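A quick write-up on the structure given underneath.
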Amino acid sequence: MRARVFITPKQGVLDPQGKAVEHSLHSLGFKDVHDVRIGKYVELVLEATDRQGAEQQTDEMCRKLLANGVIEDYRFELTE
Amino acid sequence: MRARVFITPKQGVLDPQGKAVEHSLHSLGFKDVHDVRIGKYVELVLEATDRQGAEQQTDEMCRKLLANGVIEDYRFELTE
Amino acid sequence: MRWGVVTFPGSNDDHDTQYLLDHVLGQDVVALWHKDRELQGADCVILPGGFSYGDYLRCGAVARFSPIMEPIIEHARAGGFVWGICNGFQILCESGLLPGALLRNRDLRFICRPQRLRVEETGTPFSNQCRSGEILTLPIKHGDGFYIADPVTLEQIESNRQVVLRYVDASGRVTADGNPNGSINNIAGITNARRNVFGLMPHPEHAGEKGLGGEDGLKLFRSVMTAHAEGALGSAGAPTAVASGL
Amino acid sequence: MSKQTDPVSERDAIDHGLTTDEFAHICKVLGRNPNMVELGVLSVMWSEHCSYKSSRRHLKRLPTKGPRVLQGPGENAGVIDIGDGLAVVFKMESHNHPSFVEPYQGAATGVGGILRDVFTMGARPIANLNSLRFGSFDNARTRFLINGVVRGVGGYGNCIGVPTVGGEVYFDAGYNGNNLVNAFTLGIVRTDRIFLAKAAGIGNPVMYVGSKTGRDGIHGASLLASAEFSGEAEVKRPTVQVGDPFTEKLLLEACLELMQLDAIVAIQDMGAAGLTSSSVEMAGRGGMGIDLDLDKIPVREVGMTPYEMLLSESQERMLIVAHRGKEDIVERVFSKWDLDAVVVGTVTDDGLFRARFHGEEVACIPIPLVTDEAPAYDRPLEAPADNQANPLLALDQLPLPGDYNQVLLKLLDSPNIASKEWVYRQYDYLVRSNSIVVPGSDAAVLRVKGTQKGVALSVDCNSRYCQLDPYVGAMIAVVESARNVVCSGAEPIGLTDCLNFGNPEKPAIMWHFSEAINGIRDACNVLGVPVVSGNVSFYNETEGRPIPPTPTVAMVGLLENIDHHMTQWFRNEGDIIVMLGRTREELGGSEYLALQHKKVTGAPPWIDLAFEKQVQQVCLGAIREGLVQSAHDTSEGGLAVALAECCISGPGPVMGAAIELEGSIRPDALLFGESQSRIILSMRRRHLARLKELAGTDVPVHVLGEVRGRRLVIAPLIDADCEQLRRVWTTALPRRMESEAGEVLAAPA
Ligand SMILES: Nc1ncnc2c1ncn2[C@@H]1O[C@H](COP(=O)(O)OP(=O)(O)O)[C@@H](O)[C@H]1O
Ligand SMILES: [Mg+2]
């Protein structure tokens, strides 16, 4: 099974990357872009066959390693 | 309109982060995880109202700045 | 000859590069600001080390769009000397003036240490004062120095002898041991096909005084001075034979 | 919104960490109950972190004067004259609690904060140090914390382009629940261009520059550092702040550029308690008032309340008092660097702190109430009953080891003694090209461009000694940092400290603290070194378990002639090896005792301050006369480890030594005892006579042997291959860190 994980800065937490990128998008002429947030995107393959097990496992991986719970939120999707 | 951009290492391009994370996941006991790839996830808001314009604009932002064609692929989704 | 050193927001080694050129080599140096639109007659433009725009998103990705990059790209097209050090190398790759790209170091850690390098090609304006096969010691200090290029490009830069410097181990051999960041073929520095644009991860500007990391770095700067004096293309104008500052 | 302007109750005050008496005093002075905004302001300014209420009385005992002192404690950093119209500006700060909660960002913002303290005064930062303490390696979280903290220190310092040239790292189970991160910055300033945080000039504009204000770390540093951890520190997590070194780099360059244009009267960074402390303290120092229009504050988030704006600890912000009419200069410089610069208030003469929002006054407090009249406690102190210094170590019951080579290898493999290269190779220690002696010798040495001068820097504290005897331990911290600086060819000229302790409401902790202050005071007095800045971090305590007392000190030394700089490693085959000082039969608190005998007990090494000073003067004199090839102080691991370091710590190939140790004391004390006031020199034989002249009758000079071959031979006890010693010493930390899983992504990609 394939997992796609989206890790984003928590609401209210400063996102220096997003700030810098938004600024340069503006100077590149993309004036009407805003609320740029930059996070991480993780793809991985799991042996697990049962959806529930895979969900549990992925969630645990996010909490233990992939996301930094102090400043980041995460979401994930599973596909066969 | 809201754009969600996924930037991933090109197939065949080494992904030191992915390798390190896979290794860490294994040593954390997630033995059956493989093909870990680490990319970037960008969220942004566009003023544009017409879907086509927004798509063009987002694609251009990806080509110009958000992704480096030499090492990265990108995909994006638009939502109202 | 006249040197230009660019300051992008987040450049850190700009002052050090100016200091070396001015105080150690007695050269004519102008400071170029990223918002400038002309090079003030610089014959060789240096893009210094640092963290331009915080190196957010990708190292050098944002800096490449600074106004100053337009005249720099012009200068390079006209055969003028353009030299990127560390972050400057990353900017040159991002802007397409040099092939390939730089990823995060293999072990994902910033590394700062003296590094042994082998001179692979002396037929460039940046290495003509070195002996082929000579071993130089220059400091490295970067988190994203893992050079890669697709197989075709790699084959080209190797066969055109565009690789100027490789990382080597204590015994001067090209080995995994001697490779601090994972770079393919231990590549530490390359030129473009025309050999007037040069990028490297090590810091010659931090090896220009005996008491501070040795003087191996001076060879690269003196190479440019020689090339310029010998009338290799320098300033965007016609070749000049005036050996100023030598 | 108006809710925030309603009077608050005592209950609210107590929730904000104030005591009943403190609240009563506030109501008395105001003649009314404060509102929520005022309570917020008063509670952070009266927090331990901002008010030093438990430590103020004790800190007064520290010597802070001296002919070179241009600015002592009380400003953002201390300033010491180094001649040539230049001065050094330096300070050390703790970021312990934030970096335990989120190691990367906690350490990073700690570095960012101390940098602002220094460039606020007009100085260009040229060097950082970092003093780190972690739990033992068998603690599950230790590796994670080391990784995050080291990445964070490097991530910020490397990006902003200030070299990290030195520091220290120690490991002790006593830090399992609270790691320590103490960050030091030194800058250079022209003596006629020093900027103070002293508001002046009625009607002068107050300007806000730098990043926008978000809800970051409301009650962060201030309250985090003013209460114990409950165990689940997680609850405090939302207050963690994220650093933006790129913006700080712009802020640094913009401020230094602006300071050339005499457009500003005063400037202060917004650190703990952000806008509140910066405005109140600037007004307080100048005996002025300040009037803020909160509608003007650049905010990052919608719907921020006055309370949030005043207490936010968003990073990379500064507050400036400009000369009336010069606002445009400030704006021009900052817009050049793509930064906000907004007038947010004015200087008044009514001595009041006023804040307005949506046309309504939301705060009005007499500034003295917030600053000078903040509570100062004389907390009870009492020597702990179990004061471990008492059970004197019975040497005769301590078995001698069989194989001294094995013990030496074991010591070199101890994380406390092993090479710290794994740490400092992750730091850019070269940028700004002043680094004459880089990490790896006793002290870092930097040249001062445009002069013949140099500065030497070392940060030290052996908390094991402090645990056994805080008074002696603190004295040793001071003299060791001085010795490190002297061994590098510099004269100690000034000191900054960072005093890390447990909960000051416990008499035993206050006793530790008070004893440590006395130790620093006495050592500084004898060495003639003033304390010009510092920082106190209390409540380093988890579930009632305090850290070992850790009074970290950083010494700044001056080289009149940079050519006199010295390093610790042997240089030439055939040089003689000389020890200045005496070895006593003592093992108390030594690394050897802890490692080999699993004991932390006894009295710390004996220290005679007058003798220590003589030893240092002889060493410095010899270096200045060019008699010396290398100089290394002996510290953890004693003589044997110090000699090994002389053989293996150099950049080149290892050097061996042939040593004859005579002496009536037991061999383990001779080799591994940590007697103070000892320095190992290597030199040409022909200079020995002159060295003995310099030493006179006061300072013993022992010729130990000579630099020879590739083995370290300390006849008859030790005979080891230096290559092997180097391998063990250099791989000890990497080996322990390799197995690190996790945290790979925690650092910003
Ligand atoms: N956290 C650190 N950052 C940078 N350098 C460090 C750090 N820890 C130790 N070092 C360097 O490693 C060397 C040895 O440190 P240490 O053993 O504490 O020296 P000493 O015992 O002489 O005080 C010194 O040069 C010191 O600056
Ligand atoms: Mg030392």
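In the structure tokens, the first chain shown is A, the next is B, and so on; residue numbers restart at 1 for each chain, and ligands run from 1 in the order shown.
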
Give the alpha helix (DSSP H) residues of range 98-213 of chain D, as assigned by DSSP on the backbone, as a PyMOL selection string. chain D and resi 98-101+103-119+142-160

Please, could you write that set of residues out with C-alpha atoms as an mmCIF file, in the first residue's frame?
data_model
loop_
_atom_site.group_PDB
_atom_site.id
_atom_site.type_symbol
_atom_site.label_atom_id
_atom_site.label_comp_id
_atom_site.auth_asym_id
_atom_site.auth_seq_id
_atom_site.Cartn_x
_atom_site.Cartn_y
_atom_site.Cartn_z
ATOM 1 C CA PRO D 98 12.827 26.246 25.040
ATOM 2 C CA SER D 99 15.509 23.884 23.749
ATOM 3 C CA PHE D 100 14.324 21.068 25.951
ATOM 4 C CA VAL D 101 10.822 21.499 24.564
ATOM 5 C CA PRO D 103 15.713 21.450 20.579
ATOM 6 C CA TYR D 104 16.234 22.819 17.077
ATOM 7 C CA GLN D 105 14.146 25.983 17.349
ATOM 8 C CA GLY D 106 14.947 26.473 21.025
ATOM 9 C CA ALA D 107 18.686 26.499 20.380
ATOM 10 C CA ALA D 108 18.341 28.493 17.163
ATOM 11 C CA THR D 109 16.294 31.275 18.736
ATOM 12 C CA GLY D 110 18.714 31.309 21.668
ATOM 13 C CA VAL D 111 21.527 32.149 19.276
ATOM 14 C CA GLY D 112 19.338 34.708 17.521
ATOM 15 C CA GLY D 113 18.530 36.403 20.821
ATOM 16 C CA ILE D 114 22.097 36.778 22.042
ATOM 17 C CA LEU D 115 23.188 38.078 18.640
ATOM 18 C CA ARG D 116 20.553 40.837 18.863
ATOM 19 C CA ASP D 117 21.725 41.772 22.355
ATOM 20 C CA VAL D 118 25.159 42.463 20.874
ATOM 21 C CA PHE D 119 24.374 44.226 17.599
ATOM 22 C CA THR D 142 19.647 12.509 24.822
ATOM 23 C CA ARG D 143 20.627 11.800 21.198
ATOM 24 C CA PHE D 144 17.511 13.498 19.919
ATOM 25 C CA LEU D 145 18.304 16.580 21.989
ATOM 26 C CA ILE D 146 21.983 16.708 20.972
ATOM 27 C CA ASN D 147 21.049 16.413 17.343
ATOM 28 C CA GLY D 148 18.393 19.098 17.486
ATOM 29 C CA VAL D 149 20.415 21.525 19.581
ATOM 30 C CA VAL D 150 23.598 21.219 17.516
ATOM 31 C CA ARG D 151 21.622 21.580 14.284
ATOM 32 C CA GLY D 152 19.816 24.565 15.736
ATOM 33 C CA VAL D 153 22.969 26.364 16.896
ATOM 34 C CA GLY D 154 24.562 25.742 13.504
ATOM 35 C CA GLY D 155 21.404 26.407 11.528
ATOM 36 C CA TYR D 156 21.124 29.916 12.935
ATOM 37 C CA GLY D 157 24.788 30.900 13.266
ATOM 38 C CA ASN D 158 25.807 29.513 9.877
ATOM 39 C CA CYS D 159 22.920 31.189 8.099
ATOM 40 C CA ILE D 160 23.430 34.617 9.633
#

When you get a sec, could you note down which chain B residues fall within 9 Å of chain A, using only C-alpha atoms, as number ranges by chain? B: 6-8, 18, 21-22, 24-25, 28, 30, 32-48, 57, 61, 64-66

Could you tell me which residues of chain C sit within 12 Å of chain A when counting only C-alpha atoms, and give me the result as a short mmCIF file (atom, residue, chain, number, x, y, z; two decimals) with C-alpha atoms, in the first residue's frame?
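So part04.cif came out as:
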data_model
loop_
_atom_site.label_atom_id
_atom_site.label_comp_id
_atom_site.auth_asym_id
_atom_site.auth_seq_id
_atom_site.Cartn_x
_atom_site.Cartn_y
_atom_site.Cartn_z
CA PRO C 9 20.37 39.42 0.95
CA GLY C 10 21.89 36.64 3.04
CA LYS C 35 19.27 45.28 -6.92
CA SER C 52 21.04 34.06 -0.05
CA TYR C 53 17.38 34.50 0.88
CA GLY C 54 18.00 32.09 3.73
CA ASP C 55 18.48 29.29 1.23
CA TYR C 56 14.77 28.77 1.76
CA LEU C 57 12.99 26.53 -0.74
CA ARG C 58 16.27 25.58 -2.51
CA CYS C 59 19.75 27.05 -2.20
CA ALA C 61 16.59 29.40 -6.12
CA VAL C 62 15.42 32.88 -5.21
CA ALA C 63 18.69 34.79 -5.66
CA ARG C 64 18.81 33.80 -9.30
CA PHE C 65 15.96 36.23 -9.99
CA SER C 66 17.72 39.26 -8.51
CA PRO C 67 18.04 42.20 -10.94
#

Could you list, as a list of chain:residue names, all residues that come within 9 Å of ligand 2? Count only C-alpha atoms and all ligand atoms. D:Ser441, D:Asp442, D:Ala443, D:Ser458, D:Asp460, D:Glu480, D:Ser481, D:Arg483, D:Asn484, D:Val485, D:Cys487, D:Gln568, D:His632, D:Asp633, D:Thr634, D:Ser635, D:Glu636, D:Ala642

Convert the current residue selection to file output with N, CA and C atoms, as an mmCIF file, in the first residue's frame.
data_model
loop_
_atom_site.group_PDB
_atom_site.id
_atom_site.type_symbol
_atom_site.label_atom_id
_atom_site.label_comp_id
_atom_site.auth_asym_id
_atom_site.auth_seq_id
_atom_site.Cartn_x
_atom_site.Cartn_y
_atom_site.Cartn_z
ATOM 1 N N SER D 441 41.503 23.800 20.177
ATOM 2 C CA SER D 441 42.570 24.160 21.114
ATOM 3 C C SER D 441 41.926 24.729 22.382
ATOM 4 N N ASP D 442 42.726 25.134 23.362
ATOM 5 C CA ASP D 442 42.156 25.557 24.637
ATOM 6 C C ASP D 442 41.173 26.704 24.493
ATOM 7 N N ALA D 443 41.496 27.659 23.656
ATOM 8 C CA ALA D 443 40.585 28.784 23.425
ATOM 9 C C ALA D 443 40.629 29.133 21.944
ATOM 10 N N SER D 458 37.024 31.539 25.727
ATOM 11 C CA SER D 458 36.803 30.194 26.252
ATOM 12 C C SER D 458 35.611 30.195 27.190
ATOM 13 N N ASP D 460 33.646 27.765 30.141
ATOM 14 C CA ASP D 460 33.929 26.620 30.996
ATOM 15 C C ASP D 460 33.027 26.541 32.208
ATOM 16 N N GLU D 480 39.737 28.276 35.224
ATOM 17 C CA GLU D 480 40.022 27.433 34.057
ATOM 18 C C GLU D 480 39.795 28.199 32.762
ATOM 19 N N SER D 481 38.721 28.980 32.713
ATOM 20 C CA SER D 481 38.489 29.740 31.482
ATOM 21 C C SER D 481 39.630 30.741 31.284
ATOM 22 N N ARG D 483 42.704 30.295 32.343
ATOM 23 C CA ARG D 483 43.880 29.502 31.969
ATOM 24 C C ARG D 483 43.831 29.137 30.485
ATOM 25 N N ASN D 484 42.639 28.793 30.009
ATOM 26 C CA ASN D 484 42.504 28.471 28.584
ATOM 27 C C ASN D 484 42.895 29.657 27.716
ATOM 28 N N VAL D 485 42.452 30.832 28.150
ATOM 29 C CA VAL D 485 42.723 32.052 27.399
ATOM 30 C C VAL D 485 44.218 32.376 27.454
ATOM 31 N N CYS D 487 46.673 30.226 27.967
ATOM 32 C CA CYS D 487 47.413 29.231 27.171
ATOM 33 C C CYS D 487 47.373 29.580 25.692
ATOM 34 N N GLN D 568 47.562 24.256 21.548
ATOM 35 C CA GLN D 568 47.806 23.298 22.631
ATOM 36 C C GLN D 568 48.629 22.091 22.212
ATOM 37 N N HIS D 632 49.126 23.990 27.012
ATOM 38 C CA HIS D 632 47.832 23.338 27.214
ATOM 39 C C HIS D 632 47.542 23.239 28.700
ATOM 40 N N ASP D 633 46.354 23.636 29.104
ATOM 41 C CA ASP D 633 46.029 23.515 30.526
ATOM 42 C C ASP D 633 45.543 22.099 30.796
ATOM 43 N N THR D 634 45.758 21.621 32.009
ATOM 44 C CA THR D 634 45.256 20.298 32.373
ATOM 45 C C THR D 634 43.904 20.489 33.033
ATOM 46 N N SER D 635 42.915 19.728 32.561
ATOM 47 C CA SER D 635 41.591 19.804 33.192
ATOM 48 C C SER D 635 41.065 18.392 33.344
ATOM 49 N N GLU D 636 39.859 18.102 32.864
ATOM 50 C CA GLU D 636 39.290 16.767 33.056
ATOM 51 C C GLU D 636 40.244 15.698 32.540
ATOM 52 N N ALA D 642 45.808 15.316 29.383
ATOM 53 C CA ALA D 642 46.336 16.566 28.818
ATOM 54 C C ALA D 642 47.523 16.265 27.899
#

Neighbouring residues of Leu694 in chain D were defined as those with any atom within 10 Å, considering only C-alpha atoms; residues of the same chain fewer than 5 positions away were excluded. Please report them as a list in words.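 The filter keeps Gln617, Val618, Cys619, Gly621, Ala622, Leu688, Ala689 and Val699 of chain D.
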
Next, the residues of the selection above should be written as a PDB file, in the first residue's frame with C-alpha atoms.
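See selection-v9.pdb below for the written result:
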ATOM      1  CA  GLN D 617      51.507  35.056  34.524  1.00  0.00           C
ATOM      2  CA  VAL D 618      54.581  32.890  34.019  1.00  0.00           C
ATOM      3  CA  CYS D 619      52.875  31.109  31.116  1.00  0.00           C
ATOM      4  CA  GLY D 621      55.189  35.923  29.928  1.00  0.00           C
ATOM      5  CA  ALA D 622      56.905  32.911  28.376  1.00  0.00           C
ATOM      6  CA  LEU D 688      64.461  26.422  29.707  1.00  0.00           C
ATOM      7  CA  ALA D 689      66.822  28.628  31.695  1.00  0.00           C
ATOM      8  CA  VAL D 699      56.112  28.548  40.370  1.00  0.00           C
TER       9      VAL D 699
END

Within 7 Å of chain D, which residues of chain C show up? Give each one with its shortest atom-to-atom distance in Å (one decimal) and the two atoms involved, counting only C-alpha atoms, rows by chain then rising residue number, as a Markdown table.
| residue | atom | partner | partner_atom | distance |
| --- | --- | --- | --- | --- |
| C:Pro9 | CA | D:Leu250 | CA | 6.8 |
| C:Gly10 | CA | D:Phe246 | CA | 6.1 |
| C:Asn12 | CA | D:Gly161 | CA | 5.1 |
| C:Asp13 | CA | D:Val431 | CA | 6.3 |
| C:Asp16 | CA | D:Arg432 | CA | 5.6 |
| C:Gly50 | CA | D:Cys159 | CA | 6.9 |
| C:Phe51 | CA | D:Cys159 | CA | 5.6 |
| C:Tyr53 | CA | D:Phe246 | CA | 6.4 |
| C:Gly54 | CA | D:Phe246 | CA | 4.7 |
| C:Arg109 | CA | D:Gln426 | CA | 6.7 |
| C:Phe110 | CA | D:Gln426 | CA | 5.0 |
| C:Ile111 | CA | D:Gln426 | CA | 5.0 |
| C:Cys112 | CA | D:Arg425 | CA | 4.8 |
| C:Arg113 | CA | D:Arg425 | CA | 6.2 |
| C:Lys141 | CA | D:Asp428 | CA | 6.1 |
| C:His206 | CA | D:Ser433 | CA | 6.4 |
| C:Gly211 | CA | D:Ile436 | CA | 6.1 |
| C:Leu212 | CA | D:Ile436 | CA | 5.7 |

Please dump the current selection as an mmCIF file, in the first residue's frame; keep N, CA and C atoms.
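Produced file selection25.cif, reproduced below:
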data_model
loop_
_atom_site.group_PDB
_atom_site.id
_atom_site.type_symbol
_atom_site.label_atom_id
_atom_site.label_comp_id
_atom_site.auth_asym_id
_atom_site.auth_seq_id
_atom_site.Cartn_x
_atom_site.Cartn_y
_atom_site.Cartn_z
ATOM 1 N N PRO C 9 20.806 39.512 -0.436
ATOM 2 C CA PRO C 9 20.368 39.418 0.953
ATOM 3 C C PRO C 9 20.676 38.017 1.474
ATOM 4 N N GLY C 10 21.505 37.947 2.511
ATOM 5 C CA GLY C 10 21.888 36.642 3.044
ATOM 6 C C GLY C 10 23.271 36.193 2.620
ATOM 7 N N ASN C 12 27.114 35.913 2.984
ATOM 8 C CA ASN C 12 27.936 36.021 4.192
ATOM 9 C C ASN C 12 29.425 36.195 3.904
ATOM 10 N N ASP C 13 29.919 35.580 2.842
ATOM 11 C CA ASP C 13 31.349 35.638 2.562
ATOM 12 C C ASP C 13 31.703 36.787 1.616
ATOM 13 N N ASP C 16 34.422 38.900 3.165
ATOM 14 C CA ASP C 16 35.689 38.162 3.196
ATOM 15 C C ASP C 16 36.336 38.144 1.816
ATOM 16 N N GLY C 50 27.312 32.002 1.331
ATOM 17 C CA GLY C 50 26.336 32.500 2.276
ATOM 18 C C GLY C 50 25.030 31.743 2.154
ATOM 19 N N PHE C 51 23.975 32.387 2.584
ATOM 20 C CA PHE C 51 22.639 31.781 2.530
ATOM 21 C C PHE C 51 21.683 32.789 1.903
ATOM 22 N N TYR C 53 18.802 34.701 0.577
ATOM 23 C CA TYR C 53 17.384 34.498 0.878
ATOM 24 C C TYR C 53 17.181 33.322 1.823
ATOM 25 N N GLY C 54 18.136 33.141 2.735
ATOM 26 C CA GLY C 54 18.002 32.094 3.734
ATOM 27 C C GLY C 54 18.161 30.683 3.181
ATOM 28 N N ARG C 109 24.113 16.651 7.082
ATOM 29 C CA ARG C 109 24.679 17.566 8.063
ATOM 30 C C ARG C 109 25.530 18.617 7.379
ATOM 31 N N PHE C 110 25.462 19.826 7.912
ATOM 32 C CA PHE C 110 26.393 20.866 7.509
ATOM 33 C C PHE C 110 27.792 20.381 7.866
ATOM 34 N N ILE C 111 28.767 20.634 6.988
ATOM 35 C CA ILE C 111 30.125 20.237 7.321
ATOM 36 C C ILE C 111 31.109 21.371 7.065
ATOM 37 N N CYS C 112 31.930 21.631 8.083
ATOM 38 C CA CYS C 112 32.955 22.669 8.007
ATOM 39 C C CYS C 112 34.283 22.029 8.367
ATOM 40 N N ARG C 113 35.233 22.009 7.423
ATOM 41 C CA ARG C 113 36.539 21.391 7.700
ATOM 42 C C ARG C 113 37.472 21.701 6.544
ATOM 43 N N LYS C 141 32.499 24.510 3.776
ATOM 44 C CA LYS C 141 31.503 24.777 4.830
ATOM 45 C C LYS C 141 30.153 24.923 4.159
ATOM 46 N N HIS C 206 38.795 31.764 1.833
ATOM 47 C CA HIS C 206 39.175 31.491 3.221
ATOM 48 C C HIS C 206 40.495 30.740 3.299
ATOM 49 N N GLY C 211 48.225 32.631 8.168
ATOM 50 C CA GLY C 211 47.650 32.345 9.484
ATOM 51 C C GLY C 211 46.211 31.849 9.429
ATOM 52 N N LEU C 212 45.574 31.978 8.292
ATOM 53 C CA LEU C 212 44.158 31.618 8.184
ATOM 54 C C LEU C 212 43.949 30.611 7.050
#

Find, counting only C-alpha atoms, the residue in B:Arg63, B:Arg51, B:Lys10, B:His26 that gets nearest to chain D.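 Smallest separation from chain D among the options: B:His26.
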
Taking 4 positions as the minimum chain separation for residues in the same chain, which residues sit within 8 Å of range 257-272 of chain D when counting only C-alpha atoms? Answer as a VMD selection string. chain D and resid 50 76 113 116 to 117 120 to 122 193 195 to 200 220 to 222 253 277 to 278 282 313 315 to 323 326 to 327 329 to 330 333

Produce a file of the selected residues containing N, CA and C atoms, as a compact mmCIF listing (two decimals), in the first residue's frame.
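Heads up, here's the output in again.txt:
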# COMPACT_ATOMS: atom_id res chain seq x y z
N CYS D 50 12.58 37.98 33.81
CA CYS D 50 12.79 39.39 33.47
C CYS D 50 13.23 40.22 34.67
N ASN D 76 22.19 45.85 27.36
CA ASN D 76 21.95 44.61 26.63
C ASN D 76 23.16 43.69 26.67
N GLY D 113 18.75 35.42 19.76
CA GLY D 113 18.53 36.40 20.82
C GLY D 113 19.83 37.04 21.30
N ARG D 116 21.23 39.53 18.84
CA ARG D 116 20.55 40.84 18.86
C ARG D 116 21.03 41.67 20.04
N ASP D 117 21.23 41.02 21.19
CA ASP D 117 21.72 41.77 22.35
C ASP D 117 23.03 42.49 22.03
N THR D 120 22.55 45.19 18.89
CA THR D 120 21.77 46.31 19.41
C THR D 120 22.67 47.44 19.87
N MET D 121 23.86 47.09 20.35
CA MET D 121 24.75 48.12 20.91
C MET D 121 25.65 48.73 19.86
N GLY D 122 25.43 48.36 18.61
CA GLY D 122 26.22 48.94 17.53
C GLY D 122 27.41 48.10 17.13
N ARG D 193 30.91 54.85 18.92
CA ARG D 193 29.66 54.46 18.24
C ARG D 193 28.89 53.41 19.02
N PHE D 195 25.84 52.17 21.16
CA PHE D 195 24.44 52.55 21.32
C PHE D 195 23.86 51.92 22.57
N LEU D 196 23.17 52.74 23.35
CA LEU D 196 22.54 52.25 24.57
C LEU D 196 21.03 52.22 24.41
N ALA D 197 20.39 51.47 25.31
CA ALA D 197 18.92 51.35 25.25
C ALA D 197 18.31 52.31 26.26
N LYS D 198 18.53 53.60 26.05
CA LYS D 198 18.13 54.62 27.01
C LYS D 198 17.31 55.67 26.26
N ALA D 199 16.00 55.64 26.46
CA ALA D 199 15.13 56.57 25.73
C ALA D 199 15.39 58.00 26.20
N ALA D 200 15.29 58.95 25.29
CA ALA D 200 15.44 60.36 25.65
C ALA D 200 14.73 61.21 24.61
N GLY D 220 6.41 33.01 26.67
CA GLY D 220 7.39 31.98 26.34
C GLY D 220 8.57 32.01 27.27
N ALA D 221 9.66 32.61 26.83
CA ALA D 221 10.89 32.65 27.62
C ALA D 221 10.59 33.05 29.06
N SER D 222 9.80 34.11 29.20
CA SER D 222 9.59 34.63 30.55
C SER D 222 8.99 33.58 31.48
N GLU D 253 22.30 43.81 9.33
CA GLU D 253 22.94 44.72 8.39
C GLU D 253 22.24 46.07 8.37
N SER D 277 8.91 44.57 27.27
CA SER D 277 10.18 44.81 27.97
C SER D 277 11.00 45.84 27.21
N SER D 278 11.01 45.77 25.91
CA SER D 278 11.86 46.71 25.17
C SER D 278 11.41 48.15 25.41
N MET D 282 13.57 50.67 27.95
CA MET D 282 14.20 51.87 27.36
C MET D 282 13.71 53.12 28.06
N GLU D 313 6.39 37.02 21.77
CA GLU D 313 7.84 36.91 21.71
C GLU D 313 8.31 36.54 20.31
N GLN D 315 10.27 36.56 17.05
CA GLN D 315 11.70 36.84 16.96
C GLN D 315 11.99 37.93 15.93
N GLU D 316 13.29 38.34 15.90
CA GLU D 316 13.81 39.22 14.84
C GLU D 316 13.08 40.56 14.76
N ARG D 317 12.86 41.18 15.93
CA ARG D 317 12.24 42.50 15.99
C ARG D 317 13.09 43.40 16.89
N MET D 318 13.06 44.71 16.60
CA MET D 318 13.77 45.69 17.43
C MET D 318 12.89 46.91 17.62
N LEU D 319 13.14 47.61 18.71
CA LEU D 319 12.44 48.87 18.97
C LEU D 319 13.48 49.99 18.99
N ILE D 320 13.18 51.07 18.28
CA ILE D 320 14.13 52.17 18.12
C ILE D 320 13.49 53.48 18.58
N VAL D 321 14.25 54.29 19.32
CA VAL D 321 13.85 55.67 19.54
C VAL D 321 14.67 56.52 18.57
N ALA D 322 13.98 57.15 17.62
CA ALA D 322 14.68 57.94 16.60
C ALA D 322 14.63 59.41 16.97
N HIS D 323 15.52 60.19 16.35
CA HIS D 323 15.44 61.64 16.49
C HIS D 323 14.24 62.14 15.69
N LYS D 326 13.88 62.40 11.76
CA LYS D 326 14.80 61.48 11.06
C LYS D 326 14.10 60.15 10.73
N GLU D 327 12.78 60.10 10.93
CA GLU D 327 12.08 58.84 10.67
C GLU D 327 12.35 58.33 9.27
N ILE D 329 14.91 58.58 7.41
CA ILE D 329 16.21 57.89 7.26
C ILE D 329 16.07 56.44 7.69
N VAL D 330 15.42 56.25 8.83
CA VAL D 330 15.23 54.88 9.33
C VAL D 330 14.46 54.07 8.29
N VAL D 333 16.63 53.15 5.15
CA VAL D 333 17.61 52.07 5.36
C VAL D 333 16.90 50.71 5.45

Residue nearest chain A - candidates D:Ser514, D:Gln724, D:Thr213, D:Thr697, atoms counted: only C-alpha atoms: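 The answer is D:Thr213, which sits nearest to chain A.
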
List the spatial neighbours of Pro470 in chain D as number ranges by chain - criterion: any atom at most 8 Å away, only C-alpha atoms, same-chain residues fewer than 5 positions off excluded. D: 465, 512-513, 515-516, 519, 549

Would you mind exporting C-alpha atoms of the selected residues as an mmCIF file, in the first residue's frame?
data_model
loop_
_atom_site.group_PDB
_atom_site.id
_atom_site.type_symbol
_atom_site.label_atom_id
_atom_site.label_comp_id
_atom_site.auth_asym_id
_atom_site.auth_seq_id
_atom_site.Cartn_x
_atom_site.Cartn_y
_atom_site.Cartn_z
ATOM 1 C CA TYR D 465 32.913 20.199 41.083
ATOM 2 C CA HIS D 512 24.268 26.683 45.828
ATOM 3 C CA PHE D 513 23.570 29.885 43.931
ATOM 4 C CA GLU D 515 28.082 30.052 47.074
ATOM 5 C CA ALA D 516 28.683 30.070 43.313
ATOM 6 C CA GLY D 519 33.285 31.765 44.087
ATOM 7 C CA PRO D 549 24.600 23.691 39.858
#
